[in-house]
Every structure is written in C-alpha cells, then in structure tokens.
Amino acid sequence: MLEPALLAHGALEGAQLPPDISVLEIDRVAQNVVKSHLETCQYTTEELKRLAWSLYSPEEVRALQSKSCEAMWQQCSLQISNAIQYVVEFAKRIDGFMELCQNDQIILLKAGCLEVLLIRMIRAFNPLNNTVLFEGKFGGMQMFKSLGCDDLIGAIFELGRTLCRLQLSDEELALFTAAVLLSPDRPWLTESKKVQKLQDKIYVALQHEIQKKHSAEDKLSKMVSKLPLMKTICNLHLDKLEFFRLVHPETAMNFPPLYKEVFN
Ligand code: CLR
C-alpha cells in the first residue's frame, strides 16, 4: 500500500489501517478534523476570494519597505501570533488532542504550529501573481524587504508556490495539517505511542479522502515530500529570530506573548 518515497520520510510508517479501526471510525475522524479546520481557519474561502482583489499599491509597498526592521518584525510577529491562536484552537478541537498530557500538547503545538501555518498559508496565497495576505491585503515578497530576511521570505514563497500546485482541497488541508500537528517524532514527547495512533488514523483518513479523486499514493507522497522544506523554513525562522533578539533585545521583549512562548 505504501510507496518507498513515503517511508523514506518516515512520516507514514505504520499508517496501514490497523485491524481494529473501522471505515466508520475513519469517517468520524475525517469529519471531526475537517469541521475543526473549517471552524478555525480564520478566513472563509469566500472571504479570501474577495480579498484576492485587494492588492497593495506600489506606494503602500514602498511605505512597508521603508519601515524600520524592528517595526516590521513587530507587525509580522503580531500577525503570526494571531494566526497561531487559531491553530491552537484547531488542535484543541481535534478528538484525542485534549486527552494527551498537557506536556505533550504543548510540545506538539510549539513544534508544529509554524508548519501548520505554512500549510494554511496556501489558502491565503495567490500563485498567479505570487502574493500573500498580509494585514488585509495581498502583496509580493518585496513588501517584507525591511525584515532583512530575504532568504527566509524567498523560501516561504517558494513553498507557497509548490504547495499551491498540489491544489489541496479544504478537506485535504485539514487532514494534512492535523497529521503534521500530531507528529509522534517530536523530541521530548512522553506519550508518543498515543500520538502515533492518532496520526495513523488521520493519515488513513487523508489517504481515503485523496482517493476520492486521485491516486492517493501519488498525491500523498508529494504532500509529505514538502515536509523537509518546511522544517528548513522553521529552523531558518528560529535563526533569524535569535539574531534579531541579539541586535534588538528591547523590541523582541515586546513581541506578542504567544509568539514568544511558541518560539522562545
Ligand atoms: C498564514 C495563514 C493564516 C493567516 C496568516 C497570517 C499571517 C501571515 C501568514 C498567514 C503567512 C505568512 C506571513 C504571515 C505574516 C507574516 C508572514 C505573510 C497568511 C510573512 C511570510 C513574513 C514572515 C516574517 C518572519 C520574521 C517570520 O491563516
């Protein structure tokens, strides 16, 4: 059932339907995860479609570019912090997550929430003109110039483009983000077996969902193959943040509490 490419990434090991899981249970898992996603995705698809028409004007982009590095970091950390709140709410609504010990809940959220945001970003990313939603309007990567993180921003936009090519439905997005969140290989988990069981069911549900339209092995392996780039981006973000904290400790101290808590 599984392709070597999937196993190579280690993400799907043992994701075959265990004998004690019924199709009914997989449907229930899918329904719960998709509902949780739709309730916490911050913007509806209709809203995003409407917003895609509001682009930053060249003057507005120039204004963003001439901001100080500190001011722009502050703005970005605020937007990210807001978005993280929705990811936390998403996690809490996934059946089984709240039954994990609190220690593991925190580990999974800290380790996974930026990856989830990066996947969620495709809903707010327009591959036709390479723009992303930022504070209510769409703009290209130039608008983040003052951050001084062109490599990081470049990698984020590249990920956006490659993920958009997969044309994930909201159902696939929901299940994929839930599977990423419930990764049993995060360091310091105390009950990784429990997490593994939850993730297995979600991956089976995802496979099932994809099969409705495509060859599941193919699309799923393409999705999973983007995980290493996401990990690179997360590490790059931590490096940039560490450096920023060194140069501008007072600004970093005033970052939103949730942003600090997740990335400290
Ligand atoms: C992701 C999907 C969420 C809504 C959302 C909120 C904030 C956005 C984020 C999305 C995408 C990435 C984003 C971010 C604000 C700043 C960040 C545009 C659309 C850019 C890439 C800058 C990152 C800068 C760093 C210093 C990390 O539902």
# chains A, B, ... in the order shown; residues from 1 in each chain; ligands from 1
$ residues_around --residues "Met72 in chain A" --least-positions-apart "6" --cutoff "12 Å" --atoms "only C-alpha atoms" --output "list of chain:residue names"
A:Ala63, A:Leu64, A:Gln65, A:Ser66, A:Leu78, A:Gln79, A:Phe134, A:Glu135, A:Met143, A:Phe144, A:Lys145, A:Ser146, A:Leu147, A:Gly148, A:Cys149, A:Phe244, A:Thr251, A:Ala252, A:Phe255
$ closest_atom_pairs --of "chain A" --to "ligand 1" --cutoff "6 Å" --atoms "only C-alpha atoms and all ligand atoms" --output "JSON lines"
{"residue": "A:Cys41", "atom": "CA", "partner": "ligand 1", "partner_atom_place_in_ligand_line": "28 (O)", "distance": 5.9}
{"residue": "A:Gln42", "atom": "CA", "partner": "ligand 1", "partner_atom_place_in_ligand_line": "28 (O)", "distance": 5.5}
{"residue": "A:Trp73", "atom": "CA", "partner": "ligand 1", "partner_atom_place_in_ligand_line": "26 (C)", "distance": 5.8}
{"residue": "A:Cys76", "atom": "CA", "partner": "ligand 1", "partner_atom_place_in_ligand_line": "16 (C)", "distance": 4.4}
{"residue": "A:Gln79", "atom": "CA", "partner": "ligand 1", "partner_atom_place_in_ligand_line": "7 (C)", "distance": 4.6}
{"residue": "A:Ile80", "atom": "CA", "partner": "ligand 1", "partner_atom_place_in_ligand_line": "7 (C)", "distance": 4.6}
{"residue": "A:Ala83", "atom": "CA", "partner": "ligand 1", "partner_atom_place_in_ligand_line": "6 (C)", "distance": 5.0}
{"residue": "A:Leu117", "atom": "CA", "partner": "ligand 1", "partner_atom_place_in_ligand_line": "1 (C)", "distance": 5.0}
{"residue": "A:Arg120", "atom": "CA", "partner": "ligand 1", "partner_atom_place_in_ligand_line": "2 (C)", "distance": 4.7}
{"residue": "A:Met121", "atom": "CA", "partner": "ligand 1", "partner_atom_place_in_ligand_line": "1 (C)", "distance": 3.8}
{"residue": "A:Ala124", "atom": "CA", "partner": "ligand 1", "partner_atom_place_in_ligand_line": "19 (C)", "distance": 5.1}
{"residue": "A:Val132", "atom": "CA", "partner": "ligand 1", "partner_atom_place_in_ligand_line": "18 (C)", "distance": 5.9}
{"residue": "A:Leu133", "atom": "CA", "partner": "ligand 1", "partner_atom_place_in_ligand_line": "19 (C)", "distance": 5.1}
{"residue": "A:Phe134", "atom": "CA", "partner": "ligand 1", "partner_atom_place_in_ligand_line": "18 (C)", "distance": 5.1}
{"residue": "A:Ile153", "atom": "CA", "partner": "ligand 1", "partner_atom_place_in_ligand_line": "21 (C)", "distance": 5.7}
{"residue": "A:His237", "atom": "CA", "partner": "ligand 1", "partner_atom_place_in_ligand_line": "27 (C)", "distance": 5.6}
$ write_last_selection --atoms "N, CA, C and O atoms" --output "short mmCIF file (atom, residue, chain, number, x, y, z; two decimals), in the first residue's frame"
data_model
loop_
_atom_site.label_atom_id
_atom_site.label_comp_id
_atom_site.auth_asym_id
_atom_site.auth_seq_id
_atom_site.Cartn_x
_atom_site.Cartn_y
_atom_site.Cartn_z
N CYS A 41 -10.31 28.32 10.65
CA CYS A 41 -9.33 28.65 9.60
C CYS A 41 -9.18 30.16 9.37
O CYS A 41 -8.51 30.57 8.43
N GLN A 42 -9.77 30.96 10.24
CA GLN A 42 -9.52 32.41 10.27
C GLN A 42 -10.21 33.17 9.14
O GLN A 42 -10.78 34.22 9.37
N TRP A 73 9.25 43.64 12.03
CA TRP A 73 9.25 42.39 12.81
C TRP A 73 8.07 42.39 13.78
O TRP A 73 7.39 41.37 13.95
N CYS A 76 4.90 41.68 11.85
CA CYS A 76 4.82 40.28 11.42
C CYS A 76 4.56 39.35 12.59
O CYS A 76 3.75 38.43 12.51
N GLN A 79 0.91 39.43 13.48
CA GLN A 79 0.08 38.67 12.55
C GLN A 79 0.23 37.16 12.77
O GLN A 79 -0.74 36.41 12.74
N ILE A 80 1.48 36.75 12.96
CA ILE A 80 1.74 35.32 13.18
C ILE A 80 1.11 34.87 14.49
O ILE A 80 0.49 33.80 14.57
N ALA A 83 -2.54 34.35 14.08
CA ALA A 83 -2.81 33.13 13.32
C ALA A 83 -2.57 31.89 14.19
O ALA A 83 -3.27 30.89 14.06
N LEU A 117 0.90 26.68 10.00
CA LEU A 117 0.66 28.00 9.40
C LEU A 117 1.14 28.03 7.96
O LEU A 117 0.48 28.61 7.09
N ARG A 120 -1.35 26.23 5.96
CA ARG A 120 -2.56 27.06 5.88
C ARG A 120 -2.37 28.26 4.96
O ARG A 120 -3.35 28.79 4.42
N MET A 121 -1.13 28.70 4.84
CA MET A 121 -0.83 29.88 4.02
C MET A 121 -1.34 29.72 2.59
O MET A 121 -1.72 30.71 1.96
N ALA A 124 -4.27 31.53 1.61
CA ALA A 124 -4.13 32.98 1.53
C ALA A 124 -2.97 33.35 0.61
O ALA A 124 -2.36 34.39 0.76
N VAL A 132 0.77 37.19 -1.10
CA VAL A 132 0.24 36.56 0.11
C VAL A 132 -0.54 37.62 0.89
O VAL A 132 -0.29 38.82 0.77
N LEU A 133 -1.49 37.12 1.70
CA LEU A 133 -2.30 38.03 2.50
C LEU A 133 -1.50 38.51 3.71
O LEU A 133 -0.96 37.71 4.48
N PHE A 134 -1.43 39.82 3.85
CA PHE A 134 -0.74 40.41 4.99
C PHE A 134 -1.51 41.64 5.44
O PHE A 134 -1.65 42.59 4.67
N ILE A 153 12.15 34.64 3.50
CA ILE A 153 10.94 35.02 2.76
C ILE A 153 10.89 34.30 1.41
O ILE A 153 9.85 33.80 1.00
N HIS A 237 13.72 30.40 10.44
CA HIS A 237 12.97 31.40 11.21
C HIS A 237 13.55 31.54 12.62
O HIS A 237 13.75 32.64 13.12
#
$ select_by_dssp --residues "range 56-254 of chain A" --states "strand (DSSP E or B)" --output "number ranges by chain"
A: 125-126, 131-134, 137-139
$ write_last_selection --atoms "C-alpha atoms" --output "PDB file, in the first residue's frame"
ATOM      1  CA  PHE A 125      -1.541  32.690  -1.236  1.00  0.00           C
ATOM      2  CA  ASN A 126      -2.121  33.642  -4.866  1.00  0.00           C
ATOM      3  CA  THR A 131       1.241  37.364  -3.446  1.00  0.00           C
ATOM      4  CA  VAL A 132       0.244  36.558   0.111  1.00  0.00           C
ATOM      5  CA  LEU A 133      -2.298  38.029   2.505  1.00  0.00           C
ATOM      6  CA  PHE A 134      -0.737  40.411   4.995  1.00  0.00           C
ATOM      7  CA  LYS A 137      -4.326  42.936   1.534  1.00  0.00           C
ATOM      8  CA  PHE A 138      -2.260  40.862  -0.843  1.00  0.00           C
ATOM      9  CA  GLY A 139       1.344  41.729  -1.645  1.00  0.00           C
TER      10      GLY A 139
END
$ residues_around --residues "Glu158 in chain A" --least-positions-apart "2" --cutoff "12 Å" --atoms "only C-alpha atoms" --output "NGL selection string"
:A and (118 or 121-122 or 125-127 or 130-132 or 140-141 or 150-156 or 160-165 or 226 or 229-230 or 233)
$ residues_around --residues "Trp188 in chain A" --least-positions-apart "3" --cutoff "9 Å" --atoms "only C-alpha atoms" --output "ChimeraX atom specification"
/A:104,107,185,192
$ atom_distance --atom1 "CA of Glu242 in chain A" --atom2 "CA of Leu159 in chain A"
22.5 Å
$ residues_around --residues "Met223 in chain A" --least-positions-apart "6" --cutoff "12 Å" --atoms "only C-alpha atoms" --output "list in words"
Ala5, Leu6, His9, Ala11, Leu12, Ile119, Leu159, Thr162, Leu163, Cys164, Arg165, Leu166, Gln167, Leu168, Glu172, Leu173, Leu175, Phe176, Thr177, Ala179, Val180, Tyr203, Leu206, Gln207, Ile210, Ala216, Glu217, Leu229 and Met230 of chain A
$ write_last_selection --atoms "N, CA, C and O atoms" --output "CSV table (one decimal), in the first residue's frame"
chain,number,residue,atom,x,y,z
A,5,ALA,N,8.9,6.1,-1.3
A,5,ALA,CA,9.1,7.5,-1.1
A,5,ALA,C,8.5,8.0,0.2
A,5,ALA,O,9.0,8.9,0.9
A,6,LEU,N,7.3,7.5,0.5
A,6,LEU,CA,6.7,7.9,1.8
A,6,LEU,C,7.4,7.4,3.0
A,6,LEU,O,7.6,8.1,3.9
A,9,HIS,N,10.6,9.3,4.2
A,9,HIS,CA,10.4,10.5,5.0
A,9,HIS,C,10.0,10.1,6.4
A,9,HIS,O,9.9,10.9,7.3
A,11,ALA,N,7.3,9.5,7.7
A,11,ALA,CA,6.1,10.1,8.2
A,11,ALA,C,4.9,9.2,8.3
A,11,ALA,O,4.0,9.3,9.1
A,12,LEU,N,5.0,8.2,7.4
A,12,LEU,CA,3.8,7.3,7.3
A,12,LEU,C,4.0,5.9,7.8
A,12,LEU,O,3.2,5.0,7.6
A,119,ILE,N,1.3,25.6,5.9
A,119,ILE,CA,0.4,24.9,5.0
A,119,ILE,C,-0.9,25.7,4.9
A,119,ILE,O,-1.4,25.8,3.8
A,159,LEU,N,7.8,27.7,-1.1
A,159,LEU,CA,6.9,26.7,-0.5
A,159,LEU,C,5.4,27.0,-0.9
A,159,LEU,O,4.7,26.0,-1.3
A,162,THR,N,4.9,25.8,-4.5
A,162,THR,CA,4.9,24.4,-4.7
A,162,THR,C,3.7,23.7,-4.1
A,162,THR,O,3.1,22.8,-4.6
A,163,LEU,N,3.3,24.2,-2.9
A,163,LEU,CA,2.1,23.6,-2.2
A,163,LEU,C,0.8,24.0,-3.0
A,163,LEU,O,-0.1,23.1,-3.1
A,164,CYS,N,0.8,25.2,-3.6
A,164,CYS,CA,-0.4,25.5,-4.4
A,164,CYS,C,-0.6,24.6,-5.6
A,164,CYS,O,-1.7,24.3,-6.0
A,165,ARG,N,0.5,24.2,-6.1
A,165,ARG,CA,0.5,23.3,-7.3
A,165,ARG,C,-0.2,22.0,-7.0
A,165,ARG,O,-0.8,21.4,-7.9
A,166,LEU,N,-0.2,21.6,-5.7
A,166,LEU,CA,-0.9,20.3,-5.4
A,166,LEU,C,-2.4,20.5,-5.4
A,166,LEU,O,-3.2,19.5,-5.3
A,167,GLN,N,-2.9,21.8,-5.4
A,167,GLN,CA,-4.3,22.0,-5.4
A,167,GLN,C,-5.1,21.3,-4.3
A,167,GLN,O,-6.0,20.5,-4.6
A,168,LEU,N,-4.7,21.5,-3.1
A,168,LEU,CA,-5.3,20.8,-2.0
A,168,LEU,C,-6.7,21.3,-1.7
A,168,LEU,O,-6.9,22.5,-1.7
A,172,GLU,N,-8.4,18.0,2.4
A,172,GLU,CA,-7.1,17.5,2.4
A,172,GLU,C,-6.2,18.4,3.3
A,172,GLU,O,-5.3,17.9,4.0
A,173,LEU,N,-6.4,19.7,3.2
A,173,LEU,CA,-5.6,20.7,4.0
A,173,LEU,C,-5.9,20.4,5.5
A,173,LEU,O,-4.9,20.4,6.3
A,175,LEU,N,-6.8,17.6,7.0
A,175,LEU,CA,-6.2,16.3,7.5
A,175,LEU,C,-4.7,16.4,7.4
A,175,LEU,O,-4.0,15.9,8.3
A,176,PHE,N,-4.2,17.1,6.5
A,176,PHE,CA,-2.7,17.2,6.4
A,176,PHE,C,-2.2,18.0,7.6
A,176,PHE,O,-1.2,17.6,8.2
A,177,THR,N,-2.8,19.1,7.9
A,177,THR,CA,-2.3,19.9,9.0
A,177,THR,C,-2.5,19.2,10.3
A,177,THR,O,-1.6,19.3,11.2
A,179,ALA,N,-2.3,16.0,10.7
A,179,ALA,CA,-1.3,14.9,10.7
A,179,ALA,C,0.1,15.5,11.1
A,179,ALA,O,0.8,14.9,11.8
A,180,VAL,N,0.4,16.7,10.6
A,180,VAL,CA,1.6,17.4,10.9
A,180,VAL,C,1.7,17.8,12.4
A,180,VAL,O,2.7,17.6,13.0
A,203,TYR,N,-3.8,9.9,8.9
A,203,TYR,CA,-3.2,9.7,7.6
A,203,TYR,C,-4.1,8.7,6.8
A,203,TYR,O,-4.2,8.8,5.5
A,206,LEU,N,-6.8,10.7,5.4
A,206,LEU,CA,-6.3,11.6,4.4
A,206,LEU,C,-6.2,10.8,3.1
A,206,LEU,O,-6.6,11.2,2.0
A,207,GLN,N,-5.6,9.6,3.2
A,207,GLN,CA,-5.5,8.7,2.0
A,207,GLN,C,-6.8,8.4,1.4
A,207,GLN,O,-7.0,8.5,0.2
A,210,ILE,N,-8.1,11.5,-0.4
A,210,ILE,CA,-7.5,11.8,-1.7
A,210,ILE,C,-8.0,10.8,-2.7
A,210,ILE,O,-8.2,11.2,-3.9
A,216,ALA,N,-4.0,8.1,-4.5
A,216,ALA,CA,-3.7,8.6,-3.1
A,216,ALA,C,-2.1,8.5,-2.9
A,216,ALA,O,-1.6,9.5,-2.4
A,217,GLU,N,-1.5,7.5,-3.3
A,217,GLU,CA,-0.1,7.3,-3.1
A,217,GLU,C,0.7,8.5,-3.7
A,217,GLU,O,1.6,9.0,-3.1
A,229,LEU,N,11.3,20.8,3.5
A,229,LEU,CA,11.4,22.3,3.2
A,229,LEU,C,10.8,23.1,4.3
A,229,LEU,O,11.3,24.1,4.8
A,230,MET,N,9.7,22.6,4.8
A,230,MET,CA,9.0,23.2,6.0
A,230,MET,C,9.9,23.3,7.2
A,230,MET,O,10.0,24.3,7.9
$ closest_residue --among "A:His214, A:Leu108, A:Glu209, A:Val116" --to "Pro184 in chain A" --atoms "only C-alpha atoms"
A:Leu108
$ closest_residue --among "A:Val23, A:Leu182, A:Leu55, A:Leu258" --to "Lys197 in chain A" --atoms "only C-alpha atoms"
A:Leu182
$ closest_residue --among "A:Ala178, A:Val61, A:Leu100, A:Val34" --to "Lys193 in chain A" --atoms "only C-alpha atoms"
A:Leu100
$ decode --residues "range 73-87 of chain A" --atoms "all heavy atoms" --output "PDB file, in the first residue's frame"
ATOM      1  N   TRP A  73       9.246  43.645  12.025  1.00  0.00           N
ATOM      2  CA  TRP A  73       9.251  42.395  12.807  1.00  0.00           C
ATOM      3  C   TRP A  73       8.072  42.389  13.778  1.00  0.00           C
ATOM      4  O   TRP A  73       7.390  41.374  13.946  1.00  0.00           O
ATOM      5  CB  TRP A  73      10.554  42.260  13.609  1.00  0.00           C
ATOM      6  CG  TRP A  73      11.602  41.438  12.925  1.00  0.00           C
ATOM      7  CD1 TRP A  73      12.545  41.889  12.054  1.00  0.00           C
ATOM      8  CD2 TRP A  73      11.817  40.017  13.058  1.00  0.00           C
ATOM      9  NE1 TRP A  73      13.333  40.843  11.635  1.00  0.00           N
ATOM     10  CE2 TRP A  73      12.913  39.691  12.238  1.00  0.00           C
ATOM     11  CE3 TRP A  73      11.203  38.996  13.787  1.00  0.00           C
ATOM     12  CZ2 TRP A  73      13.407  38.389  12.121  1.00  0.00           C
ATOM     13  CZ3 TRP A  73      11.690  37.692  13.678  1.00  0.00           C
ATOM     14  CH2 TRP A  73      12.782  37.407  12.849  1.00  0.00           C
ATOM     15  N   GLN A  74       7.871  43.531  14.425  1.00  0.00           N
ATOM     16  CA  GLN A  74       6.766  43.657  15.376  1.00  0.00           C
ATOM     17  C   GLN A  74       5.436  43.356  14.682  1.00  0.00           C
ATOM     18  O   GLN A  74       4.615  42.586  15.174  1.00  0.00           O
ATOM     19  CB  GLN A  74       6.767  45.087  15.958  1.00  0.00           C
ATOM     20  CG  GLN A  74       5.749  45.324  17.047  1.00  0.00           C
ATOM     21  CD  GLN A  74       6.190  44.735  18.387  1.00  0.00           C
ATOM     22  OE1 GLN A  74       7.343  44.870  18.788  1.00  0.00           O
ATOM     23  NE2 GLN A  74       5.284  44.054  19.065  1.00  0.00           N
ATOM     24  N   GLN A  75       5.243  43.935  13.513  1.00  0.00           N
ATOM     25  CA  GLN A  75       3.998  43.731  12.765  1.00  0.00           C
ATOM     26  C   GLN A  75       3.821  42.266  12.356  1.00  0.00           C
ATOM     27  O   GLN A  75       2.745  41.703  12.477  1.00  0.00           O
ATOM     28  CB  GLN A  75       4.005  44.599  11.494  1.00  0.00           C
ATOM     29  CG  GLN A  75       3.198  45.870  11.624  1.00  0.00           C
ATOM     30  CD  GLN A  75       3.375  46.763  10.407  1.00  0.00           C
ATOM     31  OE1 GLN A  75       4.374  47.478  10.315  1.00  0.00           O
ATOM     32  NE2 GLN A  75       2.428  46.720   9.486  1.00  0.00           N
ATOM     33  N   CYS A  76       4.895  41.682  11.849  1.00  0.00           N
ATOM     34  CA  CYS A  76       4.817  40.279  11.418  1.00  0.00           C
ATOM     35  C   CYS A  76       4.563  39.351  12.595  1.00  0.00           C
ATOM     36  O   CYS A  76       3.748  38.434  12.511  1.00  0.00           O
ATOM     37  CB  CYS A  76       6.103  39.865  10.714  1.00  0.00           C
ATOM     38  SG  CYS A  76       6.272  40.593   9.086  1.00  0.00           S
ATOM     39  N   SER A  77       5.239  39.606  13.713  1.00  0.00           N
ATOM     40  CA  SER A  77       5.062  38.717  14.859  1.00  0.00           C
ATOM     41  C   SER A  77       3.634  38.809  15.382  1.00  0.00           C
ATOM     42  O   SER A  77       3.066  37.822  15.866  1.00  0.00           O
ATOM     43  CB  SER A  77       6.082  39.004  15.959  1.00  0.00           C
ATOM     44  OG  SER A  77       5.884  40.289  16.486  1.00  0.00           O
ATOM     45  N   LEU A  78       3.032  39.988  15.252  1.00  0.00           N
ATOM     46  CA  LEU A  78       1.641  40.156  15.682  1.00  0.00           C
ATOM     47  C   LEU A  78       0.695  39.350  14.789  1.00  0.00           C
ATOM     48  O   LEU A  78      -0.202  38.651  15.277  1.00  0.00           O
ATOM     49  CB  LEU A  78       1.266  41.640  15.653  1.00  0.00           C
ATOM     50  CG  LEU A  78      -0.087  41.984  16.271  1.00  0.00           C
ATOM     51  CD1 LEU A  78      -0.092  41.648  17.751  1.00  0.00           C
ATOM     52  CD2 LEU A  78      -0.425  43.455  16.055  1.00  0.00           C
ATOM     53  N   GLN A  79       0.915  39.427  13.481  1.00  0.00           N
ATOM     54  CA  GLN A  79       0.076  38.668  12.546  1.00  0.00           C
ATOM     55  C   GLN A  79       0.228  37.165  12.769  1.00  0.00           C
ATOM     56  O   GLN A  79      -0.740  36.413  12.744  1.00  0.00           O
ATOM     57  CB  GLN A  79       0.460  38.988  11.092  1.00  0.00           C
ATOM     58  CG  GLN A  79       0.158  40.415  10.662  1.00  0.00           C
ATOM     59  CD  GLN A  79      -1.308  40.766  10.832  1.00  0.00           C
ATOM     60  OE1 GLN A  79      -2.174  40.030  10.392  1.00  0.00           O
ATOM     61  NE2 GLN A  79      -1.577  41.873  11.507  1.00  0.00           N
ATOM     62  N   ILE A  80       1.479  36.750  12.964  1.00  0.00           N
ATOM     63  CA  ILE A  80       1.737  35.322  13.179  1.00  0.00           C
ATOM     64  C   ILE A  80       1.108  34.866  14.488  1.00  0.00           C
ATOM     65  O   ILE A  80       0.490  33.802  14.567  1.00  0.00           O
ATOM     66  CB  ILE A  80       3.257  35.050  13.145  1.00  0.00           C
ATOM     67  CG1 ILE A  80       3.786  35.299  11.728  1.00  0.00           C
ATOM     68  CG2 ILE A  80       3.574  33.629  13.595  1.00  0.00           C
ATOM     69  CD1 ILE A  80       5.292  35.237  11.600  1.00  0.00           C
ATOM     70  N   SER A  81       1.241  35.715  15.511  1.00  0.00           N
ATOM     71  CA  SER A  81       0.671  35.382  16.807  1.00  0.00           C
ATOM     72  C   SER A  81      -0.854  35.225  16.720  1.00  0.00           C
ATOM     73  O   SER A  81      -1.434  34.294  17.297  1.00  0.00           O
ATOM     74  CB  SER A  81       1.070  36.471  17.794  1.00  0.00           C
ATOM     75  OG  SER A  81       0.440  36.291  19.003  1.00  0.00           O
ATOM     76  N   ASN A  82      -1.510  36.118  15.996  1.00  0.00           N
ATOM     77  CA  ASN A  82      -2.963  35.985  15.791  1.00  0.00           C
ATOM     78  C   ASN A  82      -3.292  34.666  15.114  1.00  0.00           C
ATOM     79  O   ASN A  82      -4.214  33.955  15.520  1.00  0.00           O
ATOM     80  CB  ASN A  82      -3.496  37.115  14.902  1.00  0.00           C
ATOM     81  CG  ASN A  82      -3.606  38.414  15.659  1.00  0.00           C
ATOM     82  OD1 ASN A  82      -3.663  38.420  16.887  1.00  0.00           O
ATOM     83  ND2 ASN A  82      -3.614  39.521  14.935  1.00  0.00           N
ATOM     84  N   ALA A  83      -2.537  34.355  14.075  1.00  0.00           N
ATOM     85  CA  ALA A  83      -2.809  33.132  13.322  1.00  0.00           C
ATOM     86  C   ALA A  83      -2.566  31.891  14.188  1.00  0.00           C
ATOM     87  O   ALA A  83      -3.271  30.892  14.059  1.00  0.00           O
ATOM     88  CB  ALA A  83      -1.947  33.105  12.068  1.00  0.00           C
ATOM     89  N   ILE A  84      -1.572  31.966  15.072  1.00  0.00           N
ATOM     90  CA  ILE A  84      -1.269  30.824  15.951  1.00  0.00           C
ATOM     91  C   ILE A  84      -2.454  30.531  16.871  1.00  0.00           C
ATOM     92  O   ILE A  84      -2.772  29.371  17.150  1.00  0.00           O
ATOM     93  CB  ILE A  84       0.014  31.082  16.779  1.00  0.00           C
ATOM     94  CG1 ILE A  84       1.252  31.044  15.872  1.00  0.00           C
ATOM     95  CG2 ILE A  84       0.165  30.027  17.879  1.00  0.00           C
ATOM     96  CD1 ILE A  84       2.538  31.414  16.591  1.00  0.00           C
ATOM     97  N   GLN A  85      -3.111  31.586  17.331  1.00  0.00           N
ATOM     98  CA  GLN A  85      -4.278  31.369  18.200  1.00  0.00           C
ATOM     99  C   GLN A  85      -5.296  30.449  17.538  1.00  0.00           C
ATOM    100  O   GLN A  85      -5.903  29.605  18.195  1.00  0.00           O
ATOM    101  CB  GLN A  85      -4.945  32.700  18.531  1.00  0.00           C
ATOM    102  CG  GLN A  85      -4.168  33.522  19.532  1.00  0.00           C
ATOM    103  CD  GLN A  85      -4.885  34.801  19.920  1.00  0.00           C
ATOM    104  OE1 GLN A  85      -6.113  34.863  19.872  1.00  0.00           O
ATOM    105  NE2 GLN A  85      -4.134  35.805  20.280  1.00  0.00           N
ATOM    106  N   TYR A  86      -5.491  30.614  16.241  1.00  0.00           N
ATOM    107  CA  TYR A  86      -6.441  29.764  15.516  1.00  0.00           C
ATOM    108  C   TYR A  86      -5.926  28.329  15.401  1.00  0.00           C
ATOM    109  O   TYR A  86      -6.701  27.384  15.428  1.00  0.00           O
ATOM    110  CB  TYR A  86      -6.731  30.341  14.128  1.00  0.00           C
ATOM    111  CG  TYR A  86      -7.570  31.603  14.168  1.00  0.00           C
ATOM    112  CD1 TYR A  86      -6.977  32.855  14.243  1.00  0.00           C
ATOM    113  CD2 TYR A  86      -8.954  31.518  14.144  1.00  0.00           C
ATOM    114  CE1 TYR A  86      -7.752  34.012  14.286  1.00  0.00           C
ATOM    115  CE2 TYR A  86      -9.739  32.666  14.180  1.00  0.00           C
ATOM    116  CZ  TYR A  86      -9.130  33.921  14.253  1.00  0.00           C
ATOM    117  OH  TYR A  86      -9.888  35.045  14.305  1.00  0.00           O
ATOM    118  N   VAL A  87      -4.615  28.200  15.252  1.00  0.00           N
ATOM    119  CA  VAL A  87      -4.038  26.858  15.171  1.00  0.00           C
ATOM    120  C   VAL A  87      -4.199  26.131  16.514  1.00  0.00           C
ATOM    121  O   VAL A  87      -4.512  24.934  16.555  1.00  0.00           O
ATOM    122  CB  VAL A  87      -2.548  26.905  14.759  1.00  0.00           C
ATOM    123  CG1 VAL A  87      -1.943  25.509  14.752  1.00  0.00           C
ATOM    124  CG2 VAL A  87      -2.393  27.559  13.394  1.00  0.00           C
TER     125      VAL A  87
END
